[in-house]
Amino acid sequence: MEKVAIAVLGCGRIGRMHARVLARHPRTRLIAVYDVMADAAAETARELGVQAAASVAAVLADPALRAVLIATPTPTHVDLIIAAAQAGKAILCEKPIDLDMARVRACQQAIAPLAPIVMIGFNRRFDPSFQALRRRAEAGEIGAIEQVVITSRDPAPPPAHFVRDSGGLFRDMTIHDFDMARSLVGDIVEVQAMGACLIDPAIGAAGDIDSAMVQLRARSGAMVHINNSRRSAYGYDQRLEVFGAKGMLIAENRRATTVRASLGAATEAADPVLPFFIERYAEAYAAEIGHFIDCLANGTTPATSFADGVAALAIADAALESMRRGASVRLD
Ligand SMILES: NC(=O)c1ccc[n+]([C@@H]2O[C@H](COP(=O)([O-])OP(=O)(O)OC[C@H]3O[C@@H](n4cnc5c(N)ncnc54)[C@H](O)[C@@H]3O)[C@@H](O)[C@H]2O)c1
């Protein structure tokens, strides 16, 4: 089987992780990395034995290149998606597409005639436990879904400079949960959000919140509750609960081992939950690449398509509006 030639744009936190996955993946051949910070690209290139490209244009000019993975800061995604589509490359772009719906719509229009394969990096959909839960719910094991509870708490708040450029908690972080909610209950028609700055005053000073609770109503009638925090003393808290007429499905937190200790101070004491996204979603990031390659091979639309990126951003925008107005916001 021929390996798909791919390049990574952006060698920061997530880009370097993706580059490592692509360099090892049995179905991809990482041929170049690029970063505006030449040192970041050179370091990644040296580690993985690939070329550090001199520019985006140089990456895209390579006729052997089939696809790019965009892992640059969010405000740069739209221009890179358009450039890659114009060069005839398939695109796997990190979430969110952009922070501004008008720019996202303009991007959608610009690339439509080129019909590129575009996948958005909603990696959690590819987590083996969440995937198994969704498949069992879809098979009718718990009957029609009535309620979903999504818990998503980061271990520690990001630095204030990150918060300033992130687009805010709903567009940067909760967007994963909005996508997860849609993947379970379909279209969302109503959003009600509360947010607060309970953890780090610097986040409040940067104009953002660090804690949120969001309720969604789906067209199906199902309701979703999302808990978000930028701090969790016990590690990266990622849980999912789906409730229906015939029962409930739960995907619990992951731990390094399944060993439990019973001692004087506590019984059934388990390992801490995994530290953060790189560890918790390692299998999901690899499976995401596998799905992208399947879509290229079969010419199919990815499960996390550009349209899914648009829909999740629309819910994030509605959540922000709901929080500001103190009222629920309808989406249909
Ligand atoms: N799916 C996930 O789990 C997940 C996790 C973290 C971040 N993200 C997303 O990934 C993206 C990157 O986040 P990050 O935390 O890795 O950021 P980062 O700041 O650590 O890395 C971004 C890198 O891109 C480089 N860069 C900036 N502009 C560029 C350009 N025009 N061309 C090439 N390189 C450029 C920077 O020099 C930097 O090295 C964001 O959109 C973020 O929302 C997704």
# chains A, B, ... in the order shown; residues from 1 in each chain; ligands from 1
call {"tool": "residues_near_ligand", "arguments": {"ligand": "ligand 1", "cutoff": "7 Å", "atoms": "only C-alpha atoms and all ligand atoms", "output": "PyMOL selection string"}}
result
chain A and resi 9-15+34-37+40+56+71-74+76+94-96+121-123+172+277
call {"tool": "residues_around", "arguments": {"residues": "region 194-205 of chain A", "least_positions_apart": "3", "cutoff": "8 Å", "atoms": "only C-alpha atoms", "output": "PyMOL selection string"}}
result
chain A and resi 157+160+163+208-214+230-231+322-323+326
call {"tool": "write_last_selection", "arguments": {"atoms": "N, CA and C atoms", "output": "PDB file, in the first residue's frame"}}
result
ATOM      1  N   PRO A 157      -4.700  26.197  34.159  1.00  0.00           N
ATOM      2  CA  PRO A 157      -5.026  27.265  33.215  1.00  0.00           C
ATOM      3  C   PRO A 157      -3.866  27.590  32.288  1.00  0.00           C
ATOM      4  N   ALA A 160      -1.883  33.780  30.349  1.00  0.00           N
ATOM      5  CA  ALA A 160      -2.825  34.836  29.942  1.00  0.00           C
ATOM      6  C   ALA A 160      -2.635  35.230  28.477  1.00  0.00           C
ATOM      7  N   VAL A 163      -4.660  33.010  26.378  1.00  0.00           N
ATOM      8  CA  VAL A 163      -6.093  33.302  26.528  1.00  0.00           C
ATOM      9  C   VAL A 163      -6.493  34.477  25.644  1.00  0.00           C
ATOM     10  N   ASP A 208     -11.638  36.813  29.489  1.00  0.00           N
ATOM     11  CA  ASP A 208     -12.192  35.466  29.280  1.00  0.00           C
ATOM     12  C   ASP A 208     -12.710  34.910  30.610  1.00  0.00           C
ATOM     13  N   ILE A 209     -13.295  33.724  30.516  1.00  0.00           N
ATOM     14  CA  ILE A 209     -13.756  32.980  31.687  1.00  0.00           C
ATOM     15  C   ILE A 209     -12.897  31.728  31.816  1.00  0.00           C
ATOM     16  N   ASP A 210     -12.877  31.140  33.019  1.00  0.00           N
ATOM     17  CA  ASP A 210     -12.121  29.887  33.176  1.00  0.00           C
ATOM     18  C   ASP A 210     -12.999  28.735  33.658  1.00  0.00           C
ATOM     19  N   SER A 211     -14.292  29.005  33.824  1.00  0.00           N
ATOM     20  CA  SER A 211     -15.226  27.971  34.293  1.00  0.00           C
ATOM     21  C   SER A 211     -16.543  28.195  33.560  1.00  0.00           C
ATOM     22  N   ALA A 212     -17.177  27.097  33.155  1.00  0.00           N
ATOM     23  CA  ALA A 212     -18.456  27.271  32.448  1.00  0.00           C
ATOM     24  C   ALA A 212     -19.350  26.055  32.642  1.00  0.00           C
ATOM     25  N   MET A 213     -20.642  26.314  32.602  1.00  0.00           N
ATOM     26  CA  MET A 213     -21.641  25.255  32.525  1.00  0.00           C
ATOM     27  C   MET A 213     -22.600  25.631  31.409  1.00  0.00           C
ATOM     28  N   VAL A 214     -22.786  24.692  30.492  1.00  0.00           N
ATOM     29  CA  VAL A 214     -23.589  24.981  29.298  1.00  0.00           C
ATOM     30  C   VAL A 214     -24.666  23.911  29.168  1.00  0.00           C
ATOM     31  N   ARG A 230     -10.883  25.289  33.614  1.00  0.00           N
ATOM     32  CA  ARG A 230      -9.489  25.389  33.155  1.00  0.00           C
ATOM     33  C   ARG A 230      -8.529  24.845  34.218  1.00  0.00           C
ATOM     34  N   ARG A 231      -9.078  24.300  35.334  1.00  0.00           N
ATOM     35  CA  ARG A 231      -8.189  23.739  36.356  1.00  0.00           C
ATOM     36  C   ARG A 231      -8.838  22.532  37.010  1.00  0.00           C
ATOM     37  N   SER A 322     -25.386  33.820  24.831  1.00  0.00           N
ATOM     38  CA  SER A 322     -26.257  33.434  25.940  1.00  0.00           C
ATOM     39  C   SER A 322     -25.666  33.914  27.266  1.00  0.00           C
ATOM     40  N   MET A 323     -24.370  33.702  27.433  1.00  0.00           N
ATOM     41  CA  MET A 323     -23.729  34.116  28.693  1.00  0.00           C
ATOM     42  C   MET A 323     -23.826  35.629  28.861  1.00  0.00           C
ATOM     43  N   GLY A 326     -27.538  36.568  29.404  1.00  0.00           N
ATOM     44  CA  GLY A 326     -28.211  35.908  30.524  1.00  0.00           C
ATOM     45  C   GLY A 326     -29.529  35.294  30.101  1.00  0.00           C
TER      46      GLY A 326
END
call {"tool": "residues_around", "arguments": {"residues": "Arg105 (chain A)", "least_positions_apart": "6", "cutoff": "10 Å", "atoms": "only C-alpha atoms", "output": "list in words"}}
result
Val78, Asp98, Ala307 and Val310 of chain A
call {"tool": "select_by_dssp", "arguments": {"residues": "region 38-190 of chain A", "states": "helix (DSSP H, G or I)", "output": "CSV table (one decimal) with N, CA and C atoms, in the first residue's frame"}}
result
chain,number,residue,atom,x,y,z
A,38,ALA,N,11.9,29.3,12.6
A,38,ALA,CA,12.8,28.3,11.9
A,38,ALA,C,13.3,27.3,12.9
A,39,ASP,N,13.6,27.7,14.1
A,39,ASP,CA,14.2,26.8,15.1
A,39,ASP,C,13.2,25.6,15.4
A,40,ALA,N,11.9,26.0,15.5
A,40,ALA,CA,10.9,24.9,15.9
A,40,ALA,C,10.9,23.9,14.7
A,41,ALA,N,10.9,24.4,13.5
A,41,ALA,CA,10.8,23.5,12.4
A,41,ALA,C,12.1,22.6,12.3
A,42,ALA,N,13.2,23.3,12.5
A,42,ALA,CA,14.5,22.6,12.4
A,42,ALA,C,14.6,21.5,13.4
A,43,GLU,N,14.2,21.8,14.6
A,43,GLU,CA,14.3,20.8,15.7
A,43,GLU,C,13.4,19.6,15.4
A,44,THR,N,12.2,19.9,14.9
A,44,THR,CA,11.2,18.7,14.6
A,44,THR,C,11.8,17.9,13.4
A,45,ALA,N,12.3,18.7,12.4
A,45,ALA,CA,12.8,18.0,11.2
A,45,ALA,C,14.0,17.1,11.6
A,46,ARG,N,14.9,17.6,12.5
A,46,ARG,CA,16.0,16.8,12.9
A,46,ARG,C,15.6,15.6,13.7
A,47,GLU,N,14.6,15.8,14.6
A,47,GLU,CA,14.2,14.6,15.4
A,47,GLU,C,13.6,13.5,14.5
A,48,LEU,N,12.9,13.9,13.4
A,48,LEU,CA,12.1,12.9,12.7
A,48,LEU,C,12.8,12.6,11.3
A,56,VAL,N,5.7,28.2,3.3
A,56,VAL,CA,4.4,27.4,3.0
A,56,VAL,C,4.4,27.2,1.5
A,57,ALA,N,4.8,28.2,0.7
A,57,ALA,CA,4.8,28.0,-0.8
A,57,ALA,C,5.7,26.9,-1.2
A,58,ALA,N,6.8,26.8,-0.6
A,58,ALA,CA,7.8,25.7,-0.9
A,58,ALA,C,7.1,24.3,-0.6
A,59,VAL,N,6.4,24.2,0.5
A,59,VAL,CA,5.8,23.0,0.9
A,59,VAL,C,4.7,22.6,-0.1
A,60,LEU,N,3.9,23.6,-0.5
A,60,LEU,CA,2.8,23.3,-1.4
A,60,LEU,C,3.2,23.1,-2.8
A,74,THR,N,-4.8,29.4,15.6
A,74,THR,CA,-6.1,29.5,14.9
A,74,THR,C,-6.3,30.6,13.9
A,75,PRO,N,-5.8,31.9,14.2
A,75,PRO,CA,-6.1,32.9,13.2
A,75,PRO,C,-5.4,32.7,11.8
A,76,THR,N,-4.5,31.8,11.8
A,76,THR,CA,-3.8,31.5,10.5
A,76,THR,C,-4.5,30.4,9.7
A,77,HIS,N,-5.4,29.7,10.2
A,77,HIS,CA,-6.0,28.5,9.6
A,77,HIS,C,-6.6,28.8,8.2
A,78,VAL,N,-7.5,29.8,8.2
A,78,VAL,CA,-8.3,30.1,7.0
A,78,VAL,C,-7.3,30.3,5.8
A,79,ASP,N,-6.3,31.2,5.9
A,79,ASP,CA,-5.4,31.5,4.8
A,79,ASP,C,-4.7,30.2,4.3
A,80,LEU,N,-4.3,29.4,5.3
A,80,LEU,CA,-3.6,28.2,5.0
A,80,LEU,C,-4.5,27.1,4.3
A,81,ILE,N,-5.7,27.0,4.8
A,81,ILE,CA,-6.7,26.1,4.1
A,81,ILE,C,-6.9,26.5,2.7
A,82,ILE,N,-7.1,27.8,2.4
A,82,ILE,CA,-7.3,28.3,1.1
A,82,ILE,C,-6.1,28.0,0.2
A,83,ALA,N,-4.9,28.3,0.7
A,83,ALA,CA,-3.7,28.1,-0.1
A,83,ALA,C,-3.5,26.6,-0.4
A,84,ALA,N,-3.7,25.8,0.6
A,84,ALA,CA,-3.6,24.3,0.4
A,84,ALA,C,-4.6,23.8,-0.6
A,85,ALA,N,-5.8,24.3,-0.5
A,85,ALA,CA,-6.9,23.8,-1.5
A,85,ALA,C,-6.5,24.3,-2.9
A,86,GLN,N,-6.0,25.5,-3.0
A,86,GLN,CA,-5.7,26.0,-4.3
A,86,GLN,C,-4.5,25.2,-4.9
A,101,MET,N,-17.0,33.8,12.4
A,101,MET,CA,-17.9,33.0,11.5
A,101,MET,C,-17.9,33.6,10.1
A,102,ALA,N,-17.8,34.9,10.0
A,102,ALA,CA,-17.8,35.5,8.6
A,102,ALA,C,-16.5,35.0,7.9
A,103,ARG,N,-15.4,34.9,8.5
A,103,ARG,CA,-14.2,34.4,7.8
A,103,ARG,C,-14.3,33.0,7.5
A,104,VAL,N,-15.0,32.2,8.4
A,104,VAL,CA,-15.2,30.8,8.1
A,104,VAL,C,-16.1,30.6,6.9
A,105,ARG,N,-17.1,31.4,6.8
A,105,ARG,CA,-18.1,31.3,5.7
A,105,ARG,C,-17.3,31.7,4.4
A,106,ALA,N,-16.5,32.7,4.5
A,106,ALA,CA,-15.8,33.2,3.3
A,106,ALA,C,-14.8,32.1,2.8
A,107,CYS,N,-14.2,31.4,3.8
A,107,CYS,CA,-13.3,30.3,3.5
A,107,CYS,C,-14.0,29.2,2.8
A,108,GLN,N,-15.2,28.9,3.3
A,108,GLN,CA,-16.0,27.8,2.8
A,108,GLN,C,-16.4,28.1,1.3
A,109,GLN,N,-16.8,29.3,1.1
A,109,GLN,CA,-17.1,29.7,-0.3
A,109,GLN,C,-15.9,29.7,-1.2
A,110,ALA,N,-14.7,30.1,-0.7
A,110,ALA,CA,-13.5,30.2,-1.5
A,110,ALA,C,-13.1,28.8,-2.0
A,111,ILE,N,-13.2,27.8,-1.1
A,111,ILE,CA,-12.7,26.4,-1.4
A,111,ILE,C,-13.8,25.6,-2.1
A,112,ALA,N,-15.0,26.0,-2.0
A,112,ALA,CA,-16.1,25.1,-2.5
A,112,ALA,C,-15.9,24.6,-4.0
A,113,PRO,N,-15.5,25.5,-4.9
A,113,PRO,CA,-15.3,25.1,-6.3
A,113,PRO,C,-14.2,24.1,-6.4
A,114,LEU,N,-13.2,24.1,-5.5
A,114,LEU,CA,-12.1,23.2,-5.5
A,114,LEU,C,-12.4,21.8,-4.9
A,123,ASN,N,-10.4,15.5,17.6
A,123,ASN,CA,-9.8,14.3,17.9
A,123,ASN,C,-10.7,13.4,18.8
A,124,ARG,N,-11.5,14.0,19.7
A,124,ARG,CA,-12.2,13.2,20.7
A,124,ARG,C,-13.2,12.2,20.1
A,125,ARG,N,-13.6,12.6,18.9
A,125,ARG,CA,-14.6,11.6,18.3
A,125,ARG,C,-13.9,10.3,18.0
A,126,PHE,N,-12.5,10.3,17.9
A,126,PHE,CA,-11.8,9.1,17.5
A,126,PHE,C,-11.3,8.3,18.7
A,128,PRO,N,-11.1,5.7,21.4
A,128,PRO,CA,-11.8,4.4,21.4
A,128,PRO,C,-12.9,4.2,22.3
A,129,SER,N,-12.8,4.8,23.5
A,129,SER,CA,-13.9,4.6,24.5
A,129,SER,C,-15.2,5.5,24.1
A,130,PHE,N,-14.9,6.7,23.7
A,130,PHE,CA,-16.1,7.5,23.3
A,130,PHE,C,-16.7,7.0,22.0
A,131,GLN,N,-15.9,6.4,21.1
A,131,GLN,CA,-16.4,5.8,19.9
A,131,GLN,C,-17.2,4.6,20.2
A,132,ALA,N,-16.7,3.8,21.1
A,132,ALA,CA,-17.5,2.6,21.5
A,132,ALA,C,-18.8,3.0,22.1
A,133,LEU,N,-18.8,4.0,23.0
A,133,LEU,CA,-20.0,4.5,23.6
A,133,LEU,C,-21.0,4.9,22.6
A,134,ARG,N,-20.5,5.7,21.6
A,134,ARG,CA,-21.4,6.2,20.6
A,134,ARG,C,-22.0,5.1,19.7
A,135,ARG,N,-21.2,4.1,19.4
A,135,ARG,CA,-21.7,3.0,18.5
A,135,ARG,C,-22.8,2.2,19.3
A,136,ARG,N,-22.6,2.0,20.6
A,136,ARG,CA,-23.6,1.3,21.4
A,136,ARG,C,-24.9,2.1,21.5
A,137,ALA,N,-24.7,3.4,21.7
A,137,ALA,CA,-25.9,4.2,21.8
A,137,ALA,C,-26.7,4.2,20.4
A,138,GLU,N,-25.9,4.3,19.3
A,138,GLU,CA,-26.5,4.3,18.0
A,138,GLU,C,-27.2,2.9,17.7
A,160,ALA,N,-1.9,33.8,30.3
A,160,ALA,CA,-2.8,34.8,29.9
A,160,ALA,C,-2.6,35.2,28.5
A,161,HIS,N,-1.4,35.2,28.0
A,161,HIS,CA,-1.2,35.6,26.6
A,161,HIS,C,-1.9,34.6,25.6
A,162,PHE,N,-1.9,33.3,26.0
A,162,PHE,CA,-2.7,32.4,25.2
A,162,PHE,C,-4.2,32.7,25.2
A,163,VAL,N,-4.7,33.0,26.4
A,163,VAL,CA,-6.1,33.3,26.5
A,163,VAL,C,-6.5,34.5,25.6
A,164,ARG,N,-5.6,35.5,25.6
A,164,ARG,CA,-6.0,36.7,24.8
A,164,ARG,C,-6.2,36.4,23.4
A,165,ASP,N,-5.4,35.4,22.8
A,165,ASP,CA,-5.5,35.1,21.4
A,165,ASP,C,-6.4,33.9,21.1
A,166,SER,N,-6.9,33.3,22.1
A,166,SER,CA,-7.6,32.0,21.9
A,166,SER,C,-9.0,32.1,21.4
A,169,LEU,N,-13.0,30.7,26.0
A,169,LEU,CA,-13.1,29.3,26.4
A,169,LEU,C,-14.1,28.6,25.5
A,170,PHE,N,-15.2,29.2,25.1
A,170,PHE,CA,-16.2,28.5,24.3
A,170,PHE,C,-15.7,28.1,22.9
A,171,ARG,N,-15.0,29.0,22.3
A,171,ARG,CA,-14.5,28.7,20.9
A,171,ARG,C,-13.2,27.9,20.9
A,172,ASP,N,-12.4,28.0,22.0
A,172,ASP,CA,-11.2,27.3,22.0
A,172,ASP,C,-11.3,25.9,22.6
A,173,MET,N,-12.0,25.8,23.7
A,173,MET,CA,-12.0,24.6,24.5
A,173,MET,C,-13.4,23.8,24.4
A,174,THR,N,-14.5,24.6,24.7
A,174,THR,CA,-15.8,23.9,24.7
A,174,THR,C,-16.2,23.4,23.3
A,175,ILE,N,-15.5,24.0,22.3
A,175,ILE,CA,-15.8,23.6,20.9
A,175,ILE,C,-15.7,22.1,20.7
A,176,HIS,N,-14.7,21.4,21.5
A,176,HIS,CA,-14.6,20.0,21.4
A,176,HIS,C,-15.9,19.3,21.9
A,177,ASP,N,-16.4,19.9,23.0
A,177,ASP,CA,-17.6,19.3,23.7
A,177,ASP,C,-18.9,19.6,22.8
A,178,PHE,N,-18.9,20.8,22.2
A,178,PHE,CA,-20.0,21.0,21.3
A,178,PHE,C,-20.0,20.0,20.1
A,179,ASP,N,-18.9,19.7,19.6
A,179,ASP,CA,-18.8,18.7,18.5
A,179,ASP,C,-19.2,17.3,19.1
A,180,MET,N,-18.7,17.0,20.3
A,180,MET,CA,-19.1,15.7,20.8
A,180,MET,C,-20.6,15.6,21.0
A,181,ALA,N,-21.2,16.7,21.5
A,181,ALA,CA,-22.6,16.7,21.7
A,181,ALA,C,-23.4,16.5,20.4
A,182,ARG,N,-22.9,17.2,19.3
A,182,ARG,CA,-23.6,17.0,18.0
A,182,ARG,C,-23.4,15.6,17.5
A,183,SER,N,-22.3,15.0,17.8
A,183,SER,CA,-22.0,13.6,17.3
A,183,SER,C,-22.9,12.6,18.0
A,184,LEU,N,-23.4,13.0,19.2
A,184,LEU,CA,-24.3,12.0,19.9
A,184,LEU,C,-25.8,12.3,19.7
A,185,VAL,N,-26.2,13.6,19.6
A,185,VAL,CA,-27.6,13.9,19.6
A,185,VAL,C,-28.0,14.7,18.4
call {"tool": "closest_residue", "arguments": {"among": "A:Ala87, A:Ala251, A:Met17, A:Val33", "to": "Glu279 (chain A)", "atoms": "only C-alpha atoms"}}
result
A:Met17
call {"tool": "closest_residue", "arguments": {"among": "A:Arg16, A:His225, A:Arg280, A:Arg24", "to": "Leu69 (chain A)", "atoms": "only C-alpha atoms"}}
result
A:Arg16
call {"tool": "atom_distance", "arguments": {"atom1": "CA of Gly309 (chain A)", "atom2": "CA of Leu216 (chain A)"}}
result
17.2 Å
call {"tool": "residues_around", "arguments": {"residues": "Ala269 (chain A)", "least_positions_apart": "5", "cutoff": "12 Å", "atoms": "only C-alpha atoms", "output": "ChimeraX atom specification"}}
result
/A:255,257-264
call {"tool": "residues_around", "arguments": {"residues": "Asp187 (chain A)", "least_positions_apart": "4", "cutoff": "8 Å", "atoms": "only C-alpha atoms", "output": "PyMOL selection string"}}
result
chain A and resi 182+218-220
call {"tool": "select_by_dssp", "arguments": {"residues": "region 150-260 of chain A", "states": "strand (DSSP E or B)", "output": "PyMOL selection string"}}
result
chain A and resi 150-153+188-196+211-218+223-229+237-244+247-251+255+260
call {"tool": "write_last_selection", "arguments": {"atoms": "N, CA and C atoms", "output": "short mmCIF file (atom, residue, chain, number, x, y, z; two decimals), in the first residue's frame"}}
result
data_model
loop_
_atom_site.label_atom_id
_atom_site.label_comp_id
_atom_site.auth_asym_id
_atom_site.auth_seq_id
_atom_site.Cartn_x
_atom_site.Cartn_y
_atom_site.Cartn_z
N ILE A 150 -21.37 15.88 29.67
CA ILE A 150 -19.98 15.90 29.20
C ILE A 150 -19.15 16.69 30.22
N THR A 151 -18.14 16.04 30.77
CA THR A 151 -17.24 16.73 31.71
C THR A 151 -15.88 16.89 31.04
N SER A 152 -15.40 18.11 31.00
CA SER A 152 -14.14 18.38 30.32
C SER A 152 -13.40 19.47 31.09
N ARG A 153 -12.40 19.03 31.86
CA ARG A 153 -11.66 19.99 32.69
C ARG A 153 -10.17 19.83 32.42
N ILE A 188 -28.21 20.94 17.19
CA ILE A 188 -28.53 21.66 18.43
C ILE A 188 -29.40 22.87 18.07
N VAL A 189 -30.48 23.08 18.83
CA VAL A 189 -31.39 24.18 18.49
C VAL A 189 -31.44 25.26 19.58
N GLU A 190 -30.93 24.96 20.77
CA GLU A 190 -31.00 25.97 21.84
C GLU A 190 -29.78 25.85 22.76
N VAL A 191 -29.26 26.99 23.17
CA VAL A 191 -28.03 27.04 23.98
C VAL A 191 -28.23 27.98 25.16
N GLN A 192 -27.82 27.51 26.33
CA GLN A 192 -27.93 28.34 27.54
C GLN A 192 -26.60 28.19 28.29
N ALA A 193 -25.88 29.29 28.49
CA ALA A 193 -24.53 29.17 29.06
C ALA A 193 -24.32 30.12 30.23
N MET A 194 -23.62 29.61 31.24
CA MET A 194 -23.14 30.46 32.33
C MET A 194 -21.63 30.31 32.39
N GLY A 195 -20.94 31.41 32.64
CA GLY A 195 -19.49 31.34 32.75
C GLY A 195 -19.03 32.22 33.88
N ALA A 196 -17.82 31.93 34.39
CA ALA A 196 -17.27 32.73 35.47
C ALA A 196 -15.75 32.62 35.47
N SER A 211 -14.29 29.01 33.82
CA SER A 211 -15.23 27.97 34.29
C SER A 211 -16.54 28.19 33.56
N ALA A 212 -17.18 27.10 33.16
CA ALA A 212 -18.46 27.27 32.45
C ALA A 212 -19.35 26.06 32.64
N MET A 213 -20.64 26.31 32.60
CA MET A 213 -21.64 25.25 32.52
C MET A 213 -22.60 25.63 31.41
N VAL A 214 -22.79 24.69 30.49
CA VAL A 214 -23.59 24.98 29.30
C VAL A 214 -24.67 23.91 29.17
N GLN A 215 -25.88 24.34 28.82
CA GLN A 215 -26.95 23.37 28.51
C GLN A 215 -27.32 23.54 27.04
N LEU A 216 -27.51 22.41 26.37
CA LEU A 216 -27.92 22.43 24.96
C LEU A 216 -29.21 21.63 24.83
N ARG A 217 -30.05 22.06 23.89
CA ARG A 217 -31.21 21.25 23.54
C ARG A 217 -31.06 20.84 22.07
N ALA A 218 -31.23 19.57 21.78
CA ALA A 218 -31.11 19.07 20.41
C ALA A 218 -32.48 19.09 19.74
N MET A 223 -31.32 16.60 25.82
CA MET A 223 -30.65 17.73 26.46
C MET A 223 -29.22 17.32 26.84
N VAL A 224 -28.32 18.31 26.77
CA VAL A 224 -26.89 18.05 27.02
C VAL A 224 -26.40 19.04 28.06
N HIS A 225 -25.62 18.54 29.01
CA HIS A 225 -25.00 19.42 30.00
C HIS A 225 -23.49 19.30 29.88
N ILE A 226 -22.81 20.44 29.73
CA ILE A 226 -21.34 20.44 29.59
C ILE A 226 -20.73 21.18 30.79
N ASN A 227 -19.79 20.51 31.48
CA ASN A 227 -19.01 21.14 32.57
C ASN A 227 -17.62 21.43 32.06
N ASN A 228 -17.18 22.65 32.18
CA ASN A 228 -15.80 22.99 31.78
C ASN A 228 -15.08 23.72 32.91
N SER A 229 -13.82 23.37 33.10
CA SER A 229 -12.98 24.16 34.00
C SER A 229 -11.58 24.19 33.41
N ASP A 237 -9.63 15.87 33.24
CA ASP A 237 -10.88 15.19 33.58
C ASP A 237 -11.77 15.14 32.34
N GLN A 238 -11.92 13.94 31.76
CA GLN A 238 -12.62 13.78 30.48
C GLN A 238 -13.60 12.63 30.61
N ARG A 239 -14.86 12.95 30.86
CA ARG A 239 -15.85 11.88 31.06
C ARG A 239 -17.10 12.15 30.24
N LEU A 240 -17.79 11.07 29.94
CA LEU A 240 -18.98 11.17 29.10
C LEU A 240 -20.04 10.23 29.64
N GLU A 241 -21.26 10.75 29.75
CA GLU A 241 -22.38 9.93 30.24
C GLU A 241 -23.58 10.16 29.33
N VAL A 242 -24.17 9.06 28.88
CA VAL A 242 -25.33 9.17 27.99
C VAL A 242 -26.46 8.34 28.60
N PHE A 243 -27.64 8.96 28.72
CA PHE A 243 -28.75 8.36 29.45
C PHE A 243 -29.96 8.25 28.54
N GLY A 244 -30.62 7.08 28.59
CA GLY A 244 -31.82 6.89 27.77
C GLY A 244 -32.84 6.03 28.49
N GLY A 247 -31.42 2.69 29.80
CA GLY A 247 -30.21 2.63 30.62
C GLY A 247 -29.24 3.76 30.36
N MET A 248 -28.00 3.52 30.72
CA MET A 248 -26.99 4.58 30.69
C MET A 248 -25.66 3.99 30.23
N LEU A 249 -24.90 4.77 29.47
CA LEU A 249 -23.54 4.39 29.08
C LEU A 249 -22.59 5.44 29.63
N ILE A 250 -21.48 5.01 30.22
CA ILE A 250 -20.51 5.95 30.79
C ILE A 250 -19.12 5.62 30.28
N ALA A 251 -18.39 6.64 29.84
CA ALA A 251 -16.96 6.47 29.54
C ALA A 251 -16.20 7.25 30.61
N ARG A 255 -6.48 6.08 33.12
CA ARG A 255 -5.35 6.12 34.06
C ARG A 255 -4.18 5.34 33.47
N ARG A 260 -5.16 -0.78 41.83
CA ARG A 260 -5.80 -0.05 42.93
C ARG A 260 -5.20 -0.51 44.25
#
call {"tool": "closest_residue", "arguments": {"among": "A:Arg66, A:Lys89, A:His18, A:Arg254", "to": "Leu274 (chain A)", "atoms": "only C-alpha atoms"}}
result
A:Arg254
call {"tool": "atom_distance", "arguments": {"atom1": "CA of Leu320 (chain A)", "atom2": "CA of Gly235 (chain A)"}}
result
26.3 Å
call {"tool": "atom_distance", "arguments": {"atom1": "CA of Val273 (chain A)", "atom2": "CA of Val148 (chain A)"}}
result
21.6 Å
call {"tool": "closest_residue", "arguments": {"among": "A:Pro155, A:Gly221, A:Pro63, A:Gly143", "to": "Gly88 (chain A)", "atoms": "only C-alpha atoms"}}
result
A:Pro63
call {"tool": "decode", "arguments": {"residues": "region 268-294 of chain A", "atoms": "C-alpha atoms", "output": "compact mmCIF listing (two decimals), in the first residue's frame"}}
result
# COMPACT_ATOMS: atom_id res chain seq x y z
CA GLU A 268 -9.53 1.34 46.18
CA ALA A 269 -7.04 4.17 45.54
CA ALA A 270 -6.39 4.35 41.80
CA ASP A 271 -3.60 5.98 39.76
CA PRO A 272 -4.16 9.65 38.93
CA VAL A 273 -6.02 10.36 35.70
CA LEU A 274 -3.79 11.01 32.67
CA PRO A 275 -2.15 14.46 32.74
CA PHE A 276 -3.35 16.22 29.55
CA PHE A 277 -4.51 15.86 25.94
CA ILE A 278 -1.28 14.49 24.43
CA GLU A 279 -1.38 11.48 26.79
CA ARG A 280 -5.16 11.10 27.12
CA TYR A 281 -5.91 11.19 23.41
CA ALA A 282 -2.79 9.46 22.01
CA GLU A 283 -4.88 6.70 20.37
CA ALA A 284 -7.43 9.23 19.16
CA TYR A 285 -4.80 11.36 17.35
CA ALA A 286 -3.48 8.25 15.56
CA ALA A 287 -7.02 7.06 14.70
CA GLU A 288 -7.84 10.57 13.41
CA ILE A 289 -4.95 10.24 10.94
CA GLY A 290 -6.18 6.77 9.93
CA HIS A 291 -9.66 8.15 9.21
CA PHE A 292 -8.18 11.03 7.17
CA ILE A 293 -6.19 8.57 5.05
CA ASP A 294 -9.34 6.42 4.56
